[in-house]
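Read the structure below first, then the notes.
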Amino acid sequence: MTTDAREIERALCRIPEVTAARVVVDAAGAPIEVHILATPSKAPKQVVRDVQSVAMATFGVAIDHRVVSVVQLERSDASPAPAPIPPPPKVLDLNAPSAAAADDVTAGGNEGTVGTTTTDTEDGTVGDGARIVIDGVVLTRAGLRCEVQVSLRRGKSLGVGSAAGSVSASSALRLVAQATLAAMRELEPGAVRADIEEATVVRVGTRDVATASLVLLTPPNEEVLAGSALVRATGEHDAMARAVLDAANRRLPKLR
């Protein structure tokens, strides 16, 4: 008995961690590609096992784990915001001629004060403190082709970038980096000066680290920016997007 791919997709979407599913079948109706979009609340290998179990228990369809591709999105709003720094206590000079005179403090004497002066924030952004964060990373494989879409957010503004190329692992990392930079160009004017030089994942001790280097054009010179990010449970593609932001977040806003 042949099972319709759409029926399998609807069943897979009932898994709590799965937000979207696409199943590609051959002429005999056997799944040859299974693409899963999931939340990062469960390890990717467990998501694959859940997909296999649902397909077998519901339809009697055996799915090879090697044809299952899982992309997990890390929502930036899950990251805690940095705690605000309390202002220093006000010191009252008892020798001042009046209380009003004691309160008359020159703004330039307080380095922690943010008025109309532009200052660097802790995360590397400039100005109003709104930083660019990752809203989503979606990777889709179809045959030998790979398409990547990266969504970035700064406050209420959303930037979306995409890139397409080979399905190879090294190419996919570079596509993620290019899509991240393309999304940045919609939010940060200085990003039009930058291009991806290198994007890879290296082993540091017992951990994998995504590293990205960017070439920044500041005529007549070229400047190289480097960034890195630990590979978390959300995978190396999410880590690559964070590495690009790490390289660019501090430098590009200064080119406004």
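Ordering of the structure tokens sets the chain letters (A, B, ...); residue numbers start at 1 within each chain; ligands are numbered from 1 in the order shown.
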Residues within 8 Å of Val224 in chain A, please, as number ranges by chain. Count only C-alpha atoms; anything in the same chain fewer than 4 positions from it doesn't count. A: 213-216
Using the selection just defined, write its residues with N, CA and C atoms as a short mmCIF file (atom, residue, chain, number, x, y, z; two decimals), in the first residue's frame.
```cif
data_model
loop_
_atom_site.label_atom_id
_atom_site.label_comp_id
_atom_site.auth_asym_id
_atom_site.auth_seq_id
_atom_site.Cartn_x
_atom_site.Cartn_y
_atom_site.Cartn_z
N SER A 213 35.56 34.83 8.65
CA SER A 213 36.37 36.02 8.40
C SER A 213 35.73 36.80 7.26
N LEU A 214 35.67 38.12 7.44
CA LEU A 214 35.06 39.02 6.47
C LEU A 214 36.10 40.00 5.97
N VAL A 215 36.00 40.37 4.71
CA VAL A 215 36.84 41.42 4.15
C VAL A 215 36.00 42.69 4.07
N LEU A 216 36.47 43.74 4.73
CA LEU A 216 35.76 45.01 4.78
C LEU A 216 36.51 46.04 3.93
#
```
Neighbouring residues of range 21-24 of chain A were defined as those with any atom within 9 Å, considering only C-alpha atoms; residues of the same chain fewer than 5 positions away were excluded. Please report them as a short mmCIF file (atom, residue, chain, number, x, y, z; two decimals) with N, CA and C atoms, in the first residue's frame.
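The resulting file, part-v7.cif, is reproduced below:
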```cif
data_model
loop_
_atom_site.label_atom_id
_atom_site.label_comp_id
_atom_site.auth_asym_id
_atom_site.auth_seq_id
_atom_site.Cartn_x
_atom_site.Cartn_y
_atom_site.Cartn_z
N ALA A 5 2.59 11.26 0.53
CA ALA A 5 3.62 12.02 1.26
C ALA A 5 2.99 13.08 2.15
N ARG A 6 1.87 13.68 1.69
CA ARG A 6 1.23 14.73 2.49
C ARG A 6 0.67 14.17 3.79
N ILE A 8 2.00 11.71 5.50
CA ILE A 8 3.16 11.54 6.39
C ILE A 8 3.58 12.90 6.97
N GLU A 9 3.58 13.94 6.14
CA GLU A 9 3.96 15.28 6.62
C GLU A 9 3.02 15.75 7.72
N ARG A 10 1.71 15.53 7.53
CA ARG A 10 0.76 15.96 8.56
C ARG A 10 0.98 15.21 9.86
N LEU A 12 3.88 13.91 10.90
CA LEU A 12 5.14 14.36 11.50
C LEU A 12 4.98 15.71 12.19
N CYS A 13 4.11 16.55 11.65
CA CYS A 13 3.90 17.88 12.25
C CYS A 13 3.17 17.79 13.59
N GLY A 29 6.74 5.33 -3.90
CA GLY A 29 6.14 5.93 -2.71
C GLY A 29 6.99 5.83 -1.47
N ALA A 30 8.26 5.41 -1.59
CA ALA A 30 9.15 5.32 -0.43
C ALA A 30 9.85 6.65 -0.21
N PRO A 31 9.93 7.11 1.04
CA PRO A 31 10.59 8.39 1.33
C PRO A 31 12.08 8.34 0.99
N ILE A 32 12.53 9.30 0.19
CA ILE A 32 13.96 9.41 -0.14
C ILE A 32 14.58 10.68 0.43
N GLU A 33 13.73 11.65 0.79
CA GLU A 33 14.18 12.87 1.46
C GLU A 33 13.12 13.29 2.47
N VAL A 34 13.57 13.61 3.68
CA VAL A 34 12.66 14.09 4.72
C VAL A 34 13.30 15.34 5.33
N HIS A 35 12.66 16.47 5.16
CA HIS A 35 13.18 17.74 5.67
C HIS A 35 12.30 18.20 6.84
N ILE A 36 12.94 18.41 7.99
CA ILE A 36 12.23 18.74 9.23
C ILE A 36 12.70 20.10 9.74
N LEU A 37 11.75 20.95 10.07
CA LEU A 37 12.02 22.22 10.76
C LEU A 37 11.52 22.06 12.18
N ALA A 38 12.43 22.23 13.17
CA ALA A 38 12.08 21.92 14.56
C ALA A 38 12.60 22.99 15.50
#
```
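The gap separating CA of Val133 in chain A from CA of Ala43 in chain A is 22.6 Å, in Å to one decimal.
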Point-to-point distance from CA of His237 in chain A to CA of Met184 in chain A, Å rounded to tenths: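 Taking CA of His237 in chain A and CA of Met184 in chain A, their separation equals 16.4 Å.
Distances from A:Arg49, A:Arg141, A:Lys42, A:Arg242 to Ala177 in chain A were compared using only C-alpha atoms, and the smallest one belongs to A:Arg242.
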Which residue, A:Ile134, A:Leu173, A:Ala142, A:Ala55, has the smallest gap to Gly155 in chain A when you use only C-alpha atoms? A:Ile134
With distances taken over only C-alpha atoms, which residue among A:Ala194, A:Val148, A:Ala57, A:Val160 lies nearest Val176 in chain A? A:Val148
Which residues come within 12 Å of Ser157 in chain A, counting only C-alpha atoms, excluding same-chain residues fewer than 5 positions away, as a PyMOL selection string? chain A and resi 130-135+151-152+183-184+186-188
The selected residues should be written to file as an mmCIF file, in the first residue's frame (atoms: N, CA and C atoms).
```
data_model
loop_
_atom_site.group_PDB
_atom_site.id
_atom_site.type_symbol
_atom_site.label_atom_id
_atom_site.label_comp_id
_atom_site.auth_asym_id
_atom_site.auth_seq_id
_atom_site.Cartn_x
_atom_site.Cartn_y
_atom_site.Cartn_z
ATOM 1 N N ALA A 130 20.365 48.916 20.304
ATOM 2 C CA ALA A 130 19.637 47.819 19.686
ATOM 3 C C ALA A 130 20.598 47.004 18.853
ATOM 4 N N ARG A 131 20.778 45.760 19.192
ATOM 5 C CA ARG A 131 21.738 44.944 18.471
ATOM 6 C C ARG A 131 21.034 44.066 17.451
ATOM 7 N N ILE A 132 21.774 43.601 16.472
ATOM 8 C CA ILE A 132 21.260 42.670 15.475
ATOM 9 C C ILE A 132 21.375 41.258 16.041
ATOM 10 N N VAL A 133 20.273 40.517 16.040
ATOM 11 C CA VAL A 133 20.256 39.164 16.583
ATOM 12 C C VAL A 133 19.635 38.219 15.567
ATOM 13 N N ILE A 134 19.861 36.929 15.751
ATOM 14 C CA ILE A 134 19.344 35.913 14.835
ATOM 15 C C ILE A 134 17.884 35.626 15.146
ATOM 16 N N ASP A 135 17.056 35.680 14.115
ATOM 17 C CA ASP A 135 15.646 35.342 14.262
ATOM 18 C C ASP A 135 15.347 33.944 13.729
ATOM 19 N N SER A 151 17.206 34.942 8.843
ATOM 20 C CA SER A 151 16.430 36.109 9.270
ATOM 21 C C SER A 151 17.117 36.740 10.479
ATOM 22 N N LEU A 152 17.347 38.051 10.406
ATOM 23 C CA LEU A 152 17.943 38.809 11.501
ATOM 24 C C LEU A 152 16.966 39.879 11.955
ATOM 25 N N ALA A 183 21.408 39.430 4.941
ATOM 26 C CA ALA A 183 20.366 39.925 5.844
ATOM 27 C C ALA A 183 20.837 41.162 6.593
ATOM 28 N N MET A 184 22.126 41.213 6.954
ATOM 29 C CA MET A 184 22.674 42.375 7.654
ATOM 30 C C MET A 184 22.606 43.615 6.785
ATOM 31 N N GLU A 186 20.324 44.602 4.984
ATOM 32 C CA GLU A 186 19.007 45.231 5.074
ATOM 33 C C GLU A 186 18.826 46.007 6.368
ATOM 34 N N LEU A 187 19.699 45.759 7.347
ATOM 35 C CA LEU A 187 19.570 46.408 8.653
ATOM 36 C C LEU A 187 20.701 47.377 8.951
ATOM 37 N N GLU A 188 21.881 47.115 8.388
ATOM 38 C CA GLU A 188 23.065 47.909 8.695
ATOM 39 C C GLU A 188 23.714 48.388 7.393
#
```
List as a list of chain:residue names the protein and nucleic acid residues near Arg207 in chain A, meaning an atom at most 9 Å away when only C-alpha atoms are counted, but skip any in the same chain fewer than 5 places from it. A:Val202, A:Leu230, A:Val231
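Proximity ranking of A:Glu7, A:Ala241, A:Arg153, A:Thr234 relative to Phe59 in chain A places A:Glu7 first, based on only C-alpha atoms.
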Surrounding residues of Ala212 in chain A excluding itself and chain neighbours under 6 positions, 7 Å, only C-alpha atoms, as a PyMOL selection string: chain A and resi 198-200+226-228+243-244
